[in-house]
Amino acid sequence: MNIGEFAQLTGLSIKALRRYDEQGLLRPAVVDPWSRYRRYSAPQLDTAVRLKALRAAGVGLAEAERALTGPAAAAEVLAEHREAVQAERRRQDQALEAAESLLRSGAQDFDVQQRHAPARYWVGVVLTETGEPEDEEAATEHANETFAALWRALAAEGNAPTGAFWTSMRVSPQEPDAVELLCCWPIARPLPDDWSLPGHRVETGRLPAGPELVVGWRHDDPVPAIDGATHPAVLALLVRAEARGVDLDVTRLRQGGLLEDGENVGVEVCIPLALQP
C-alpha cells in the first residue's frame, strides 16, 4: 500500500505517518531508493491502529512507543496515563469550583477594617527565593521550621515572642531577580547588637504605632484559591488602601497568623496607612 492508502485505512494522517517514520515509531515496509515513496504492508495495519488508539487517548509518543513493545508494557503505560488523566481532571474540577466561587462572590465580600497598631520591636530571619520552580509544600515547611527555630532561640534569650508571627516580601538587594521573605516575630524589647541565630541571616527593627488596614480569613473558610494568584481578600485590601491614598508598595504588606484563643486558625494581611519613618 502506498502512504495515502495506508493513511485512509488507519485514520492516521500522511503528515503523522511521515513523522512516525522519522522518529522510528512506525517505519514503512519498503522505501523506494529513487523516488523515496513509502509503502506499507498489511501486518503494519494492526500496529498503526494501535498507535492511533494510543494517540487518541492522549498518550505521548515516548509512552506510545513503549506500549507497542508488548501487552505488559501497554497495560503499564495505560495505567500510568489513566492515573495522570484522573489527576488532571481533579485539578480541573478544583479550578472550575474556584472560578465559580470567585465569579459568584469576588473581592468585595471580604471585610477590610481599620485598626490602630501598637509600636512593636521585631526580629526576623531572611529567606531568599530565586523564582525557580519549587515544591510549595517544602517551601512552606522550611518557613515553618525557620519560625520555630527563631521562637526557640528568643525564648532561650528570655525575650519570647509577644504575639502572632508575620512575613513580608521584598526584592533582594544582592540579587535583583530574587525575592526575600522576612519571617518575623514581635518581641517585648530590642535584642543585643551582637545577637544572632546560627545558620541564618537575622534582621531586627521597630514598627511604629499607627493606623493600618487589615483583612483576614480562616483556613476553613470556603474562599476561592486561584493557583499562582493573590488571594481575593488581599485584592480587596489593596483596593481599599488605594482608595485611602496609600502608596501600593507591596513590601509594606505584612501577612501573619489569625489567632483565636492563642491558636492559629487563619491568615491576616495588613498594610499601614501612614508611611513608616
# chains A, B, ... in the order shown; residues from 1 in each chain; ligands from 1
$ residues_around --residues "A:Pro161" --least-positions-apart "5" --cutoff "6 Å" --atoms "only C-alpha atoms" --output "JSON list (two decimals) with C-alpha atoms, in the first residue's frame"
[["chain", "number", "residue", "atom", "x", "y", "z"],
["A", 185, "TRP", "CA", 8.23, 37.60, 65.46],
["A", 186, "PRO", "CA", 7.24, 40.61, 67.61],
["A", 187, "ILE", "CA", 9.27, 40.90, 70.82]]
$ residues_around --residues "A:Arg39" --least-positions-apart "3" --cutoff "8 Å" --atoms "only C-alpha atoms" --output "ChimeraX atom specification"
/A:1-3,28-31
$ write_last_selection --atoms "all heavy atoms" --output "mmCIF file, in the first residue's frame"
data_model
loop_
_atom_site.group_PDB
_atom_site.id
_atom_site.type_symbol
_atom_site.label_atom_id
_atom_site.label_comp_id
_atom_site.auth_asym_id
_atom_site.auth_seq_id
_atom_site.Cartn_x
_atom_site.Cartn_y
_atom_site.Cartn_z
ATOM 1 N N MET A 1 0.847 -1.194 0.000
ATOM 2 C CA MET A 1 0.000 0.000 0.000
ATOM 3 C C MET A 1 0.875 1.234 0.000
ATOM 4 O O MET A 1 1.900 1.277 0.697
ATOM 5 C CB MET A 1 -0.886 0.019 1.256
ATOM 6 C CG MET A 1 -2.002 -1.018 1.252
ATOM 7 S SD MET A 1 -2.681 -1.239 2.916
ATOM 8 C CE MET A 1 -1.380 -2.254 3.647
ATOM 9 N N ASN A 2 0.451 2.251 -0.769
ATOM 10 C CA ASN A 2 1.183 3.499 -0.684
ATOM 11 C C ASN A 2 0.731 4.258 0.562
ATOM 12 O O ASN A 2 -0.222 3.857 1.249
ATOM 13 C CB ASN A 2 1.018 4.322 -1.966
ATOM 14 C CG ASN A 2 -0.430 4.734 -2.193
ATOM 15 O OD1 ASN A 2 -1.170 5.034 -1.264
ATOM 16 N ND2 ASN A 2 -0.843 4.722 -3.460
ATOM 17 N N ILE A 3 1.382 5.358 0.856
ATOM 18 C CA ILE A 3 1.141 6.050 2.119
ATOM 19 C C ILE A 3 -0.282 6.605 2.194
ATOM 20 O O ILE A 3 -0.895 6.637 3.266
ATOM 21 C CB ILE A 3 2.190 7.169 2.332
ATOM 22 C CG1 ILE A 3 2.130 7.686 3.783
ATOM 23 C CG2 ILE A 3 2.009 8.296 1.328
ATOM 24 C CD1 ILE A 3 3.277 8.621 4.141
ATOM 25 N N PRO A 28 8.003 2.425 7.268
ATOM 26 C CA PRO A 28 7.370 1.716 6.148
ATOM 27 C C PRO A 28 8.052 0.367 5.906
ATOM 28 O O PRO A 28 9.216 0.168 6.259
ATOM 29 C CB PRO A 28 7.592 2.657 4.961
ATOM 30 C CG PRO A 28 7.932 3.983 5.559
ATOM 31 C CD PRO A 28 8.605 3.698 6.861
ATOM 32 N N ALA A 29 7.323 -0.545 5.302
ATOM 33 C CA ALA A 29 7.905 -1.845 4.954
ATOM 34 C C ALA A 29 8.950 -1.682 3.856
ATOM 35 O O ALA A 29 9.979 -2.370 3.863
ATOM 36 C CB ALA A 29 6.813 -2.807 4.509
ATOM 37 N N VAL A 30 8.702 -0.761 2.929
ATOM 38 C CA VAL A 30 9.620 -0.529 1.804
ATOM 39 C C VAL A 30 9.666 0.967 1.521
ATOM 40 O O VAL A 30 8.631 1.642 1.559
ATOM 41 C CB VAL A 30 9.159 -1.275 0.526
ATOM 42 C CG1 VAL A 30 10.088 -0.960 -0.654
ATOM 43 C CG2 VAL A 30 9.095 -2.771 0.770
ATOM 44 N N VAL A 31 10.862 1.474 1.229
ATOM 45 C CA VAL A 31 11.027 2.849 0.762
ATOM 46 C C VAL A 31 11.798 2.791 -0.558
ATOM 47 O O VAL A 31 12.924 2.269 -0.613
ATOM 48 C CB VAL A 31 11.797 3.718 1.777
ATOM 49 C CG1 VAL A 31 11.993 5.130 1.213
ATOM 50 C CG2 VAL A 31 11.064 3.767 3.103
#
$ residues_around --residues "stretch 237-244 of chain A" --least-positions-apart "2" --cutoff "12 Å" --atoms "only C-alpha atoms" --output "number ranges by chain"
A: 107-114, 211-216, 230-235, 246-250, 252-255, 268-274
$ select_by_dssp --residues "stretch 25-150 of chain A" --states "helix (DSSP H, G or I)" --output "MDAnalysis selection string"
chainID A and resid 43:56 61:67 71:104 107:109 136:150
$ closest_residue --among "A:Ala57, A:Leu181, A:Ala156, A:Leu96" --to "A:His142" --atoms "only C-alpha atoms"
A:Leu181
$ atom_distance --atom1 "atom CA of A:Leu45" --atom2 "atom CA of A:Glu80"
25.6 Å
$ atom_distance --atom1 "atom CA of A:Ala53" --atom2 "atom CA of A:Glu65"
12.4 Å
$ atom_distance --atom1 "atom CA of A:Pro118" --atom2 "atom CA of A:Ala209"
4.5 Å
$ residues_around --residues "A:Ala62" --least-positions-apart "4" --cutoff "10 Å" --atoms "only C-alpha atoms" --output "list of chain:residue names"
A:Gln23, A:Leu25, A:Arg66, A:Ala67
$ write_last_selection --atoms "N, CA, C and O atoms" --output "compact mmCIF listing (two decimals), in the first residue's frame"
# COMPACT_ATOMS: atom_id res chain seq x y z
N GLN A 23 10.78 9.30 13.36
CA GLN A 23 11.07 9.04 14.77
C GLN A 23 11.27 7.56 15.06
O GLN A 23 11.51 7.18 16.21
N LEU A 25 9.05 5.24 14.98
CA LEU A 25 7.91 4.65 15.66
C LEU A 25 7.12 3.69 14.75
O LEU A 25 6.61 2.67 15.21
N ARG A 66 6.69 2.72 23.95
CA ARG A 66 6.87 1.69 24.98
C ARG A 66 5.67 0.74 25.00
O ARG A 66 5.82 -0.46 25.17
N ALA A 67 4.47 1.30 24.83
CA ALA A 67 3.26 0.47 24.87
C ALA A 67 3.21 -0.53 23.73
O ALA A 67 2.64 -1.62 23.87
$ select_by_dssp --residues "stretch 71-149 of chain A" --states "strand (DSSP E or B)" --output "number ranges by chain"
A: 113-117, 120-129
$ residues_around --residues "A:Arg120" --least-positions-apart "4" --cutoff "12 Å" --atoms "only C-alpha atoms" --output "number ranges by chain"
A: 161-164, 184-190, 204-210
$ write_last_selection --atoms "C-alpha atoms" --output "compact mmCIF listing (two decimals), in the first residue's frame"
# COMPACT_ATOMS: atom_id res chain seq x y z
CA PRO A 161 7.57 36.48 71.05
CA THR A 162 4.68 38.61 72.29
CA GLY A 163 2.16 37.96 69.50
CA ALA A 164 1.47 36.40 66.14
CA CYS A 184 9.28 37.88 61.83
CA TRP A 185 8.23 37.60 65.46
CA PRO A 186 7.24 40.61 67.61
CA ILE A 187 9.27 40.90 70.82
CA ALA A 188 8.98 42.92 74.02
CA ARG A 189 12.39 44.60 73.90
CA PRO A 190 15.25 45.04 71.44
CA THR A 204 15.73 43.50 63.69
CA GLY A 205 13.65 46.66 63.78
CA ARG A 206 10.74 48.54 65.30
CA LEU A 207 7.28 49.01 63.83
CA PRO A 208 5.91 52.43 64.80
CA ALA A 209 2.43 52.83 66.24
CA GLY A 210 -0.24 53.97 63.83
$ residues_around --residues "A:His219" --least-positions-apart "5" --cutoff "12 Å" --atoms "only C-alpha atoms" --output "PyMOL selection string"
chain A and resi 224-225+257-259+263-268
$ residues_around --residues "A:Pro198" --least-positions-apart "6" --cutoff "12 Å" --atoms "only C-alpha atoms" --output "list in words"
Val125, Thr146, Ala149, Leu150 and Ala153 of chain A
$ write_last_selection --atoms "C-alpha atoms" --output "mmCIF file, in the first residue's frame"
data_model
loop_
_atom_site.group_PDB
_atom_site.id
_atom_site.type_symbol
_atom_site.label_atom_id
_atom_site.label_comp_id
_atom_site.auth_asym_id
_atom_site.auth_seq_id
_atom_site.Cartn_x
_atom_site.Cartn_y
_atom_site.Cartn_z
ATOM 1 C CA VAL A 125 15.083 35.708 59.516
ATOM 2 C CA THR A 146 12.528 28.811 60.496
ATOM 3 C CA ALA A 149 13.874 27.838 65.374
ATOM 4 C CA LEU A 150 13.645 31.600 65.848
ATOM 5 C CA ALA A 153 16.140 30.992 70.292
#
